[in-house]
>>> print(open('model37.csv').read())   # CSV, C-alpha atoms
chain,number,residue,atom,x,y,z
A,1,MET,CA,0.0,0.0,0.0
A,2,SER,CA,1.4,3.4,-0.9
A,3,LYS,CA,1.8,6.3,1.5
A,4,HIS,CA,-1.1,8.1,-0.2
A,5,GLN,CA,-3.4,5.1,0.1
A,6,SER,CA,-2.6,4.6,3.8
A,7,VAL,CA,-3.3,8.3,4.6
A,8,PHE,CA,-6.6,8.1,2.7
A,9,SER,CA,-7.5,4.9,4.5
A,10,PHE,CA,-6.7,6.5,7.9
A,11,LYS,CA,-8.8,9.6,7.1
A,12,HIS,CA,-11.6,7.5,5.8
A,13,VAL,CA,-11.7,5.4,9.1
A,14,THR,CA,-11.4,8.6,11.2
A,15,SER,CA,-14.3,10.3,9.4
A,16,LYS,CA,-16.4,7.1,9.8
A,17,SER,CA,-15.8,7.0,13.6
A,18,HIS,CA,-16.9,10.7,13.8
A,19,ILE,CA,-20.1,9.8,11.9
A,20,TRP,CA,-20.8,6.8,14.2
A,21,ALA,CA,-20.0,9.0,17.3
A,22,TRP,CA,-22.5,11.6,16.1
A,23,MET,CA,-25.1,9.0,15.3
A,24,LEU,CA,-24.8,7.4,18.7
A,25,ASN,CA,-24.6,10.8,20.4
A,26,MET,CA,-21.2,10.0,21.9
A,27,PRO,CA,-18.1,12.2,21.9
A,28,HIS,CA,-15.5,11.0,19.5
A,29,SER,CA,-11.9,10.9,20.7
A,30,ALA,CA,-9.0,8.6,20.0
A,31,PRO,CA,-8.2,6.3,23.0
A,32,LYS,CA,-5.1,8.3,24.0
A,33,GLU,CA,-7.1,11.6,24.1
A,34,GLU,CA,-9.9,10.0,26.1
A,35,ALA,CA,-7.5,8.5,28.6
A,36,LYS,CA,-5.8,11.8,29.0
A,37,ALA,CA,-9.1,13.6,29.7
A,38,LEU,CA,-10.2,11.0,32.3
A,39,ARG,CA,-6.7,10.8,33.9
A,40,GLU,CA,-7.4,13.9,35.9
A,41,SER,CA,-10.0,12.2,38.1
A,42,VAL,CA,-8.3,8.8,38.6
A,43,PRO,CA,-4.8,8.2,39.9
A,44,VAL,CA,-2.4,6.9,37.2
A,45,ASP,CA,-0.5,3.7,38.0
A,46,LYS,CA,0.1,2.5,34.5
A,47,PRO,CA,0.5,4.0,31.1
A,48,ALA,CA,-2.9,4.5,29.4
A,49,THR,CA,-1.6,3.1,26.2
A,50,ALA,CA,-0.7,-0.3,27.4
A,51,VAL,CA,-2.1,-3.0,25.1
A,52,CYS,CA,-4.6,-5.4,26.6
A,53,GLU,CA,-7.2,-8.1,26.0
A,54,HIS,CA,-8.6,-8.4,29.6
A,55,ASP,CA,-9.2,-6.0,32.5
A,56,ARG,CA,-6.8,-7.9,34.8
A,57,THR,CA,-3.8,-7.1,32.5
A,58,CYS,CA,-4.4,-3.3,33.0
A,59,GLY,CA,-3.9,-3.1,36.8
A,60,ARG,CA,-5.7,-1.2,39.5
A,61,GLY,CA,-7.6,1.9,38.4
A,62,PHE,CA,-7.8,0.8,34.8
A,63,SER,CA,-10.0,-1.3,32.5
A,64,CYS,CA,-9.4,-2.7,29.1
A,65,ASP,CA,-11.1,-0.9,26.3
A,66,ARG,CA,-11.8,-4.1,24.3
A,67,HIS,CA,-12.6,-2.2,21.1
A,68,PHE,CA,-9.3,-0.4,20.9
A,69,GLY,CA,-7.3,-3.0,23.0
A,70,LEU,CA,-5.8,-0.4,25.3
A,71,CYS,CA,-5.8,0.2,29.0
A,72,VAL,CA,-7.8,3.3,30.0
A,73,PRO,CA,-8.6,4.8,33.4
A,74,LEU,CA,-11.8,3.8,35.2
A,75,ARG,CA,-14.6,6.4,34.6
A,76,GLY,CA,-16.5,8.4,37.1
A,77,GLU,CA,-20.2,9.2,37.4
A,78,GLY,CA,-21.7,10.7,34.2
A,79,HIS,CA,-18.9,9.5,31.9
A,80,TYR,CA,-19.6,7.3,28.8
A,81,CYS,CA,-19.1,3.6,29.2
A,82,ARG,CA,-19.9,0.3,27.4
A,83,ARG,CA,-19.8,-2.1,30.4
A,84,ASP,CA,-19.7,-2.1,34.2
A,85,ALA,CA,-16.0,-2.8,34.5
A,86,GLN,CA,-15.2,0.6,32.9
A,87,CYS,CA,-16.8,2.5,35.8
A,88,VAL,CA,-15.2,3.2,39.2
A,89,ARG,CA,-16.4,1.0,42.2
A,90,GLY,CA,-20.0,1.7,43.3
A,91,LEU,CA,-21.1,2.7,39.7
A,92,SER,CA,-22.5,0.6,37.0
A,93,CYS,CA,-22.8,1.3,33.3
A,94,MET,CA,-26.5,1.9,32.5
A,95,PHE,CA,-27.8,3.4,29.3
A,96,GLY,CA,-24.2,4.1,28.1
A,97,LYS,CA,-23.1,6.2,31.2
A,98,CYS,CA,-21.7,5.4,34.6
A,99,HIS,CA,-24.4,5.8,37.2
A,100,ARG,CA,-24.7,5.0,40.9
A,101,SER,CA,-25.7,1.4,41.4
A,102,ILE,CA,-29.4,0.8,42.4
A,103,PRO,CA,-29.9,-1.9,45.1
A,104,ASN,CA,-31.4,-5.2,43.7
A,105,GLY,CA,-35.1,-5.4,43.6
A,106,GLN,CA,-35.7,-1.6,43.6
A,107,GLU,CA,-37.2,0.4,40.8
A,108,GLY,CA,-34.5,1.0,38.1
A,109,ALA,CA,-32.3,-1.9,39.3
A,110,ARG,CA,-31.1,-4.4,36.7
A,111,CYS,CA,-33.0,-7.7,36.5
A,112,LYS,CA,-33.4,-10.8,34.3
A,113,VAL,CA,-36.9,-12.0,35.4
A,114,ASP,CA,-39.8,-10.6,37.3
A,115,ARG,CA,-38.9,-12.3,40.6
A,116,ASP,CA,-35.7,-10.2,40.7
A,117,CYS,CA,-37.9,-7.2,41.3
A,118,GLY,CA,-39.9,-6.1,44.4
A,119,ALA,CA,-43.6,-6.3,44.9
A,120,SER,CA,-45.9,-4.7,42.3
A,121,MET,CA,-43.0,-4.6,39.8
A,122,CYS,CA,-41.9,-6.4,36.7
A,123,CYS,CA,-38.7,-6.8,34.7
A,124,ALA,CA,-39.0,-4.8,31.5
A,125,ARG,CA,-36.7,-3.1,29.0
A,126,HIS,CA,-35.9,0.6,29.3
A,127,HIS,CA,-33.6,1.9,26.5
A,128,GLY,CA,-32.7,-1.7,25.9
A,129,GLU,CA,-31.6,-2.5,29.4
A,130,GLN,CA,-33.7,-4.9,31.5
A,131,VAL,CA,-34.7,-3.0,34.7
A,132,CYS,CA,-37.3,-3.3,37.5
A,133,LYS,CA,-40.3,-1.1,36.7
A,134,ARG,CA,-43.5,-0.6,38.6
A,135,ARG,CA,-46.7,-2.3,37.4
A,136,LEU,CA,-49.4,0.0,36.0
A,137,VAL,CA,-52.2,1.3,38.2
A,138,ARG,CA,-55.9,1.9,37.4
A,139,GLY,CA,-56.3,4.4,34.6
A,140,GLU,CA,-52.8,4.3,33.3
A,141,SER,CA,-52.3,3.6,29.6
A,142,CYS,CA,-51.4,0.0,29.0
A,143,TYR,CA,-51.4,-0.2,25.2
A,144,VAL,CA,-48.5,-2.4,23.8
A,145,PRO,CA,-47.7,-2.6,20.1
A,146,ASP,CA,-47.6,-6.0,18.4
A,147,GLY,CA,-43.8,-5.7,18.0
A,148,GLY,CA,-41.2,-3.5,16.3
A,149,LEU,CA,-38.2,-1.6,17.5
A,150,ALA,CA,-40.0,0.7,19.9
A,151,PHE,CA,-41.4,-2.4,21.7
A,152,SER,CA,-38.0,-4.1,21.8
A,153,ILE,CA,-36.2,-1.1,23.3
A,154,ASN,CA,-38.8,0.2,25.7
A,155,GLN,CA,-41.4,-2.0,27.4
A,156,ILE,CA,-44.1,-1.4,30.0
A,157,CYS,CA,-45.2,-3.7,32.8
A,158,PRO,CA,-48.7,-5.3,32.8
A,159,CYS,CA,-51.4,-3.9,34.9
A,160,ASP,CA,-51.2,-4.3,38.7
A,161,GLU,CA,-52.8,-7.3,40.4
A,162,GLY,CA,-56.6,-7.3,40.0
A,163,LEU,CA,-56.6,-5.0,37.0
A,164,LEU,CA,-57.0,-5.8,33.3
A,165,CYS,CA,-55.8,-3.9,30.2
A,166,ARG,CA,-59.0,-3.0,28.3
A,167,GLU,CA,-60.0,-0.7,25.5
A,168,THR,CA,-62.1,2.3,26.3
A,169,SER,CA,-63.8,4.5,23.8
A,170,ALA,CA,-63.4,8.3,24.1
A,171,PRO,CA,-66.5,10.4,23.1
A,172,LEU,CA,-66.5,11.6,19.6
A,173,GLN,CA,-65.3,15.2,19.5
A,174,ARG,CA,-65.6,17.5,16.5
A,175,GLU,CA,-64.4,21.1,16.3
A,176,LYS,CA,-66.4,21.8,13.1
A,177,ASP,CA,-69.4,19.9,11.7
A,178,PHE,CA,-67.9,19.3,8.3
A,179,ILE,CA,-64.6,17.8,9.5
A,180,TYR,CA,-64.7,14.1,10.0
A,181,GLN,CA,-62.8,12.8,13.1
A,182,PRO,CA,-62.9,9.1,13.6
A,183,GLU,CA,-63.7,7.8,17.1
A,184,ARG,CA,-60.6,7.7,19.3
A,185,THR,CA,-59.8,4.7,21.5
A,186,SER,CA,-57.3,4.0,24.3
A,187,TRP,CA,-56.2,1.1,26.4
A,188,THR,CA,-56.1,1.6,30.1
A,189,CYS,CA,-55.8,-0.6,33.3
A,190,GLN,CA,-59.3,-1.2,34.6
A,191,VAL,CA,-61.2,-3.2,37.2
A,192,PRO,CA,-62.7,-6.2,35.5
A,193,ARG,CA,-66.5,-6.0,35.0
A,194,PRO,CA,-68.5,-8.9,36.4
>>> encode(input="model37.csv", output="structure tokens")
Amino acid sequence: MSKHQSVFSFKHVTSKSHIWAWMLNMPHSAPKEEAKALRESVPVDKPATAVCEHDRTCGRGFSCDRHFGLCVPLRGEGHYCRRDAQCVRGLSCMFGKCHRSIPNGQEGARCKVDRDCGASMCCARHHGEQVCKRRLVRGESCYVPDGGLAFSINQICPCDEGLLCRETSAPLQREKDFIYQPERTSWTCQVPRP
């Protein structure tokens, strides 16, 4: 490969990473720049450019950025992350940022199945992460689409115990007599009728 081709290839890869960073709403920076920015809040025991495949090869205060294969400092609250091991102790990586860990069973805590959550809660996806959410109460909207991306990324719990999700018709409302407005319907949690 000629020098011109390698420079073009590098620029092409760099511009692609800027585009992906923009699309994912993440700041773009090369691993060395990111490590330098994060170094201020974490004590440095090892060079941030050490090559790695696993976290344990990086040493205390660092994790392995598996995408770039480099050791980078652990990240503090509010910093971008891809997994828990990239955050300092007491924080977990939720929704792409380091957040304070929520105790198991509480609303917002990670879960795998409903029994991982407390009373009147279920395990449902929120921005793609499975977390404990509260079950819906009487009058709350309970409509769930048949599928699709929105359903896969964000889910709602079923109605609370003793309630059923039922369709209710809203009264027909017209602002002007000559404009047709079809009847509107909504799904809400209701007490079952005998």
>>> residues_near_point(input="model37.csv", point="(-22.7, -0.2, 30.6)", cutoff="7 Å", atoms="all atoms listed in the file", output="JSON, numbers by chain")
{"A": [81, 82, 83, 84, 92, 93, 94, 95, 96, 97, 98]}
>>> residues_near_point(input="model37.csv", point="(0.3, -7.4, 24.0)", cutoff="12 Å", atoms="only C-alpha atoms", output="JSON, numbers by chain")
{"A": [49, 50, 51, 52, 53, 54, 57, 58, 64, 69, 70, 71]}
>>> atom_distance(input="model37.csv", atom1="CA of Asp116 (chain A)", atom2="CA of Ile102 (chain A)")
12.8 Å
>>> atom_distance(input="model37.csv", atom1="CA of Ala150 (chain A)", atom2="CA of Lys133 (chain A)")
16.9 Å
>>> atom_distance(input="model37.csv", atom1="CA of Thr168 (chain A)", atom2="CA of Val144 (chain A)")
14.6 Å
>>> residues_around(input="model37.csv", residues="Ser120 (chain A)", least_positions_apart="6", cutoff="12 Å", atoms="only C-alpha atoms", output="PyMOL selection string")
chain A and resi 105-107+114+132-137+157-163
